[in-house]
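Notes for the one structure printed next.
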Amino acid sequence: MDFEMVMQELEALGKERIKKTYISNGAQEPLFGVATGAMKPIAKKIKKNQPLADQLYATGNYDAMYFAGIIADPMTMTEADFERWIDAAYFYMLSDYVVAVTLAETEFAQGVADRWIASDEELRMSAGWSCYCWLLGNRPDAEFSDIKIASMLDQVKNKIHNSPDRTKSAMNNFMYTVGISYIPLHEKVVETAKAVGPVEIRRDKKKSSILLASENIQKEIDRGKLGFKRKYVRC
């Protein structure tokens, strides 16, 4: 399948209701409103195709950009490619669920994520913290430095309440992921989450939401999920 065929198929799958939902979450025109599950049959035909993924991502069409993440080949992508992708990621569903997820399948993921976390740019920081969530939730504990992850938890404790909203959300997810998926620092993250307490996320035209990592960690422990690792990063 070539670029034109993929765009035609995506357009045909678009639903107005889903489009409205995406827009309410921050998506902008152009977009079709394709459910992510509906993309799977097209992805099966294509498998991985990085040149096509780059073409689709460059359209600025949200559905095409999301689909680009599904068919991307992270093993052929460079750090410069990810910088280009994050530059174009204009809201969190792209930064955290397309760029960060794809980055998490590379060997240089931690280095790039560290750079983004230190950037002081909301969506770059959000993508960096999210990338660590995808990494910690999939890779063996031995691939990470206890000292580094502990330092990141201290950074969350000290900075989360004064961070931009999307970054707050990703930092909260980081605490939760460490609490469930990274056994060596389980005790530390439980203490950190309690010290952080409720995290308020403001939403445009909607009521603020309150995140409480300590409660969510405990719920997963009660369900027997301590030590959980995903088999795959991308579905």
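In the structure tokens, each chain is lettered A, B, ... as it comes, each chain's residues begin at 1, and ligands are numbered from 1 in order of appearance.
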For Met75 of chain A, please output as a PDB file with all heavy atoms, in the first residue's frame all residues within 10 Å (counting only C-alpha atoms; exclusion window: fewer than 3 positions along the same chain).
```pdb
ATOM      1  N   GLN A  50       9.161   2.404   7.488  1.00  0.00           N
ATOM      2  CA  GLN A  50       9.564   3.716   7.998  1.00  0.00           C
ATOM      3  C   GLN A  50       9.413   4.857   6.993  1.00  0.00           C
ATOM      4  O   GLN A  50       8.939   5.941   7.355  1.00  0.00           O
ATOM      5  CB  GLN A  50      11.004   3.665   8.535  1.00  0.00           C
ATOM      6  CG  GLN A  50      11.418   4.919   9.292  1.00  0.00           C
ATOM      7  CD  GLN A  50      10.487   5.232  10.452  1.00  0.00           C
ATOM      8  OE1 GLN A  50      10.052   4.331  11.166  1.00  0.00           O
ATOM      9  NE2 GLN A  50      10.171   6.509  10.640  1.00  0.00           N
ATOM     10  N   ALA A  72       5.793   2.452  12.217  1.00  0.00           N
ATOM     11  CA  ALA A  72       7.182   2.916  12.273  1.00  0.00           C
ATOM     12  C   ALA A  72       8.129   1.761  12.584  1.00  0.00           C
ATOM     13  O   ALA A  72       7.744   0.775  13.219  1.00  0.00           O
ATOM     14  CB  ALA A  72       7.319   3.999  13.349  1.00  0.00           C
ATOM     15  N   THR A  78      16.604   7.483  13.757  1.00  0.00           N
ATOM     16  CA  THR A  78      17.730   8.112  14.435  1.00  0.00           C
ATOM     17  C   THR A  78      17.211   9.075  15.506  1.00  0.00           C
ATOM     18  O   THR A  78      16.020   9.395  15.542  1.00  0.00           O
ATOM     19  CB  THR A  78      18.584   8.907  13.442  1.00  0.00           C
ATOM     20  OG1 THR A  78      17.782   9.990  12.924  1.00  0.00           O
ATOM     21  CG2 THR A  78      19.051   8.023  12.283  1.00  0.00           C
ATOM     22  N   THR A 102       7.109   4.918  20.518  1.00  0.00           N
ATOM     23  CA  THR A 102       8.037   4.470  19.467  1.00  0.00           C
ATOM     24  C   THR A 102       9.475   4.589  19.948  1.00  0.00           C
ATOM     25  O   THR A 102      10.291   3.680  19.745  1.00  0.00           O
ATOM     26  CB  THR A 102       7.817   5.302  18.180  1.00  0.00           C
ATOM     27  OG1 THR A 102       6.420   5.325  17.862  1.00  0.00           O
ATOM     28  CG2 THR A 102       8.566   4.703  16.999  1.00  0.00           C
ATOM     29  N   LEU A 103       9.792   5.692  20.613  1.00  0.00           N
ATOM     30  CA  LEU A 103      11.141   5.892  21.157  1.00  0.00           C
ATOM     31  C   LEU A 103      11.522   4.776  22.121  1.00  0.00           C
ATOM     32  O   LEU A 103      12.678   4.350  22.167  1.00  0.00           O
ATOM     33  CB  LEU A 103      11.210   7.252  21.863  1.00  0.00           C
ATOM     34  CG  LEU A 103      12.513   7.594  22.580  1.00  0.00           C
ATOM     35  CD1 LEU A 103      13.684   7.657  21.600  1.00  0.00           C
ATOM     36  CD2 LEU A 103      12.382   8.914  23.344  1.00  0.00           C
ATOM     37  N   GLU A 105      11.213   1.771  21.998  1.00  0.00           N
ATOM     38  CA  GLU A 105      11.693   0.539  21.371  1.00  0.00           C
ATOM     39  C   GLU A 105      13.115   0.679  20.834  1.00  0.00           C
ATOM     40  O   GLU A 105      13.636  -0.240  20.201  1.00  0.00           O
ATOM     41  CB  GLU A 105      10.740   0.109  20.258  1.00  0.00           C
ATOM     42  CG  GLU A 105       9.383  -0.335  20.798  1.00  0.00           C
ATOM     43  CD  GLU A 105       8.572  -1.138  19.793  1.00  0.00           C
ATOM     44  OE1 GLU A 105       9.095  -1.458  18.714  1.00  0.00           O
ATOM     45  OE2 GLU A 105       7.416  -1.444  20.105  1.00  0.00           O
ATOM     46  N   THR A 106      13.754   1.828  21.073  1.00  0.00           N
ATOM     47  CA  THR A 106      15.119   2.041  20.580  1.00  0.00           C
ATOM     48  C   THR A 106      16.143   1.785  21.681  1.00  0.00           C
ATOM     49  O   THR A 106      15.797   1.751  22.862  1.00  0.00           O
ATOM     50  CB  THR A 106      15.305   3.493  20.080  1.00  0.00           C
ATOM     51  OG1 THR A 106      15.262   4.385  21.209  1.00  0.00           O
ATOM     52  CG2 THR A 106      14.223   3.884  19.085  1.00  0.00           C
ATOM     53  N   GLU A 107      17.406   1.658  21.273  1.00  0.00           N
ATOM     54  CA  GLU A 107      18.485   1.459  22.242  1.00  0.00           C
ATOM     55  C   GLU A 107      18.910   2.779  22.888  1.00  0.00           C
ATOM     56  O   GLU A 107      19.548   2.772  23.935  1.00  0.00           O
ATOM     57  CB  GLU A 107      19.698   0.803  21.553  1.00  0.00           C
ATOM     58  CG  GLU A 107      19.435  -0.634  21.108  1.00  0.00           C
ATOM     59  CD  GLU A 107      18.923  -1.511  22.248  1.00  0.00           C
ATOM     60  OE1 GLU A 107      19.546  -1.505  23.327  1.00  0.00           O
ATOM     61  OE2 GLU A 107      17.896  -2.187  22.074  1.00  0.00           O
TER      62      GLU A 107
END
```
Could you go through chain A and tell me which residues DSSP, when run on the backbone, assigns to strand (DSSP E), listing them as a PyMOL selection string? chain A and resi 199-203+206-211
With only C-alpha atoms as the counted atoms, please give the residues lying no more than 10 Å from Ala89 of chain A, apart from itself and same-chain residues fewer than 3 positions off, as a short mmCIF file (atom, residue, chain, number, x, y, z; two decimals) with N, CA and C atoms, in the first residue's frame.
```cif
data_model
loop_
_atom_site.label_atom_id
_atom_site.label_comp_id
_atom_site.auth_asym_id
_atom_site.auth_seq_id
_atom_site.Cartn_x
_atom_site.Cartn_y
_atom_site.Cartn_z
N TYR A 57 3.42 10.87 8.90
CA TYR A 57 3.59 11.75 10.07
C TYR A 57 3.70 13.21 9.64
N GLY A 60 0.61 16.12 9.21
CA GLY A 60 -0.05 16.93 10.22
C GLY A 60 -1.47 16.45 10.52
N TYR A 62 -3.91 14.13 12.28
CA TYR A 62 -3.75 13.36 13.51
C TYR A 62 -3.84 11.85 13.28
N MET A 65 -0.77 10.62 11.58
CA MET A 65 0.37 10.67 12.49
C MET A 65 0.33 9.50 13.48
N GLU A 83 13.60 13.82 17.15
CA GLU A 83 13.50 15.27 17.40
C GLU A 83 12.51 15.90 16.41
N ARG A 84 12.54 15.43 15.18
CA ARG A 84 11.60 15.95 14.18
C ARG A 84 10.16 15.57 14.55
N TRP A 85 9.99 14.33 15.00
CA TRP A 85 8.65 13.87 15.37
C TRP A 85 8.12 14.63 16.60
N ILE A 86 8.96 14.84 17.59
CA ILE A 86 8.47 15.52 18.79
C ILE A 86 8.19 17.00 18.48
N TYR A 92 -0.76 15.97 23.66
CA TYR A 92 -0.21 14.83 24.41
C TYR A 92 -0.46 13.47 23.77
N MET A 93 -1.57 13.32 23.00
CA MET A 93 -1.83 12.00 22.41
C MET A 93 -0.77 11.65 21.36
N LEU A 94 -0.11 12.67 20.82
CA LEU A 94 1.01 12.43 19.90
C LEU A 94 2.32 12.31 20.67
N SER A 95 2.58 13.23 21.59
CA SER A 95 3.87 13.21 22.30
C SER A 95 4.02 11.95 23.15
N ASP A 96 2.94 11.57 23.86
CA ASP A 96 3.04 10.48 24.83
C ASP A 96 2.68 9.10 24.26
N VAL A 98 2.43 8.32 20.76
CA VAL A 98 3.03 8.00 19.46
C VAL A 98 4.54 8.11 19.56
N VAL A 99 5.03 9.31 19.86
CA VAL A 99 6.48 9.53 19.87
C VAL A 99 7.16 8.78 21.01
N LEU A 123 5.42 19.47 26.41
CA LEU A 123 5.18 18.19 25.73
C LEU A 123 6.46 17.36 25.57
N ARG A 124 7.61 18.03 25.47
CA ARG A 124 8.87 17.28 25.45
C ARG A 124 9.07 16.59 26.81
N ALA A 127 6.67 13.73 27.11
CA ALA A 127 7.11 12.58 26.30
C ALA A 127 8.27 11.86 26.97
#
```
Which residues of segment 172-222 of chain A sit at most 12 Å from segment 15-35 of chain A, using only C-alpha atoms? Give each one's shortest atom pair and distance in Å (one decimal place), in chain and ascending residue order, as a Markdown table.
```
| residue | atom | partner | partner_atom | distance |
| --- | --- | --- | --- | --- |
| A:Arg203 | CA | A:Asn25 | CA | 9.5 |
| A:Asp204 | CA | A:Ser24 | CA | 9.2 |
| A:Lys205 | CA | A:Ser24 | CA | 9.8 |
| A:Lys206 | CA | A:Ser24 | CA | 10.1 |
```
What is the distance between atom CA of Met125 of chain A and atom CA of Met39 of chain A, in Å to one decimal?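 Interatomic distance, atom CA of Met125 of chain A to atom CA of Met39 of chain A: 28.0 Å.
With only C-alpha atoms as the atoms that count, the residue of A:Asp154, A:Asp165, A:Asp54, A:Asp141 with the shortest distance to Ser126 of chain A is A:Asp165.
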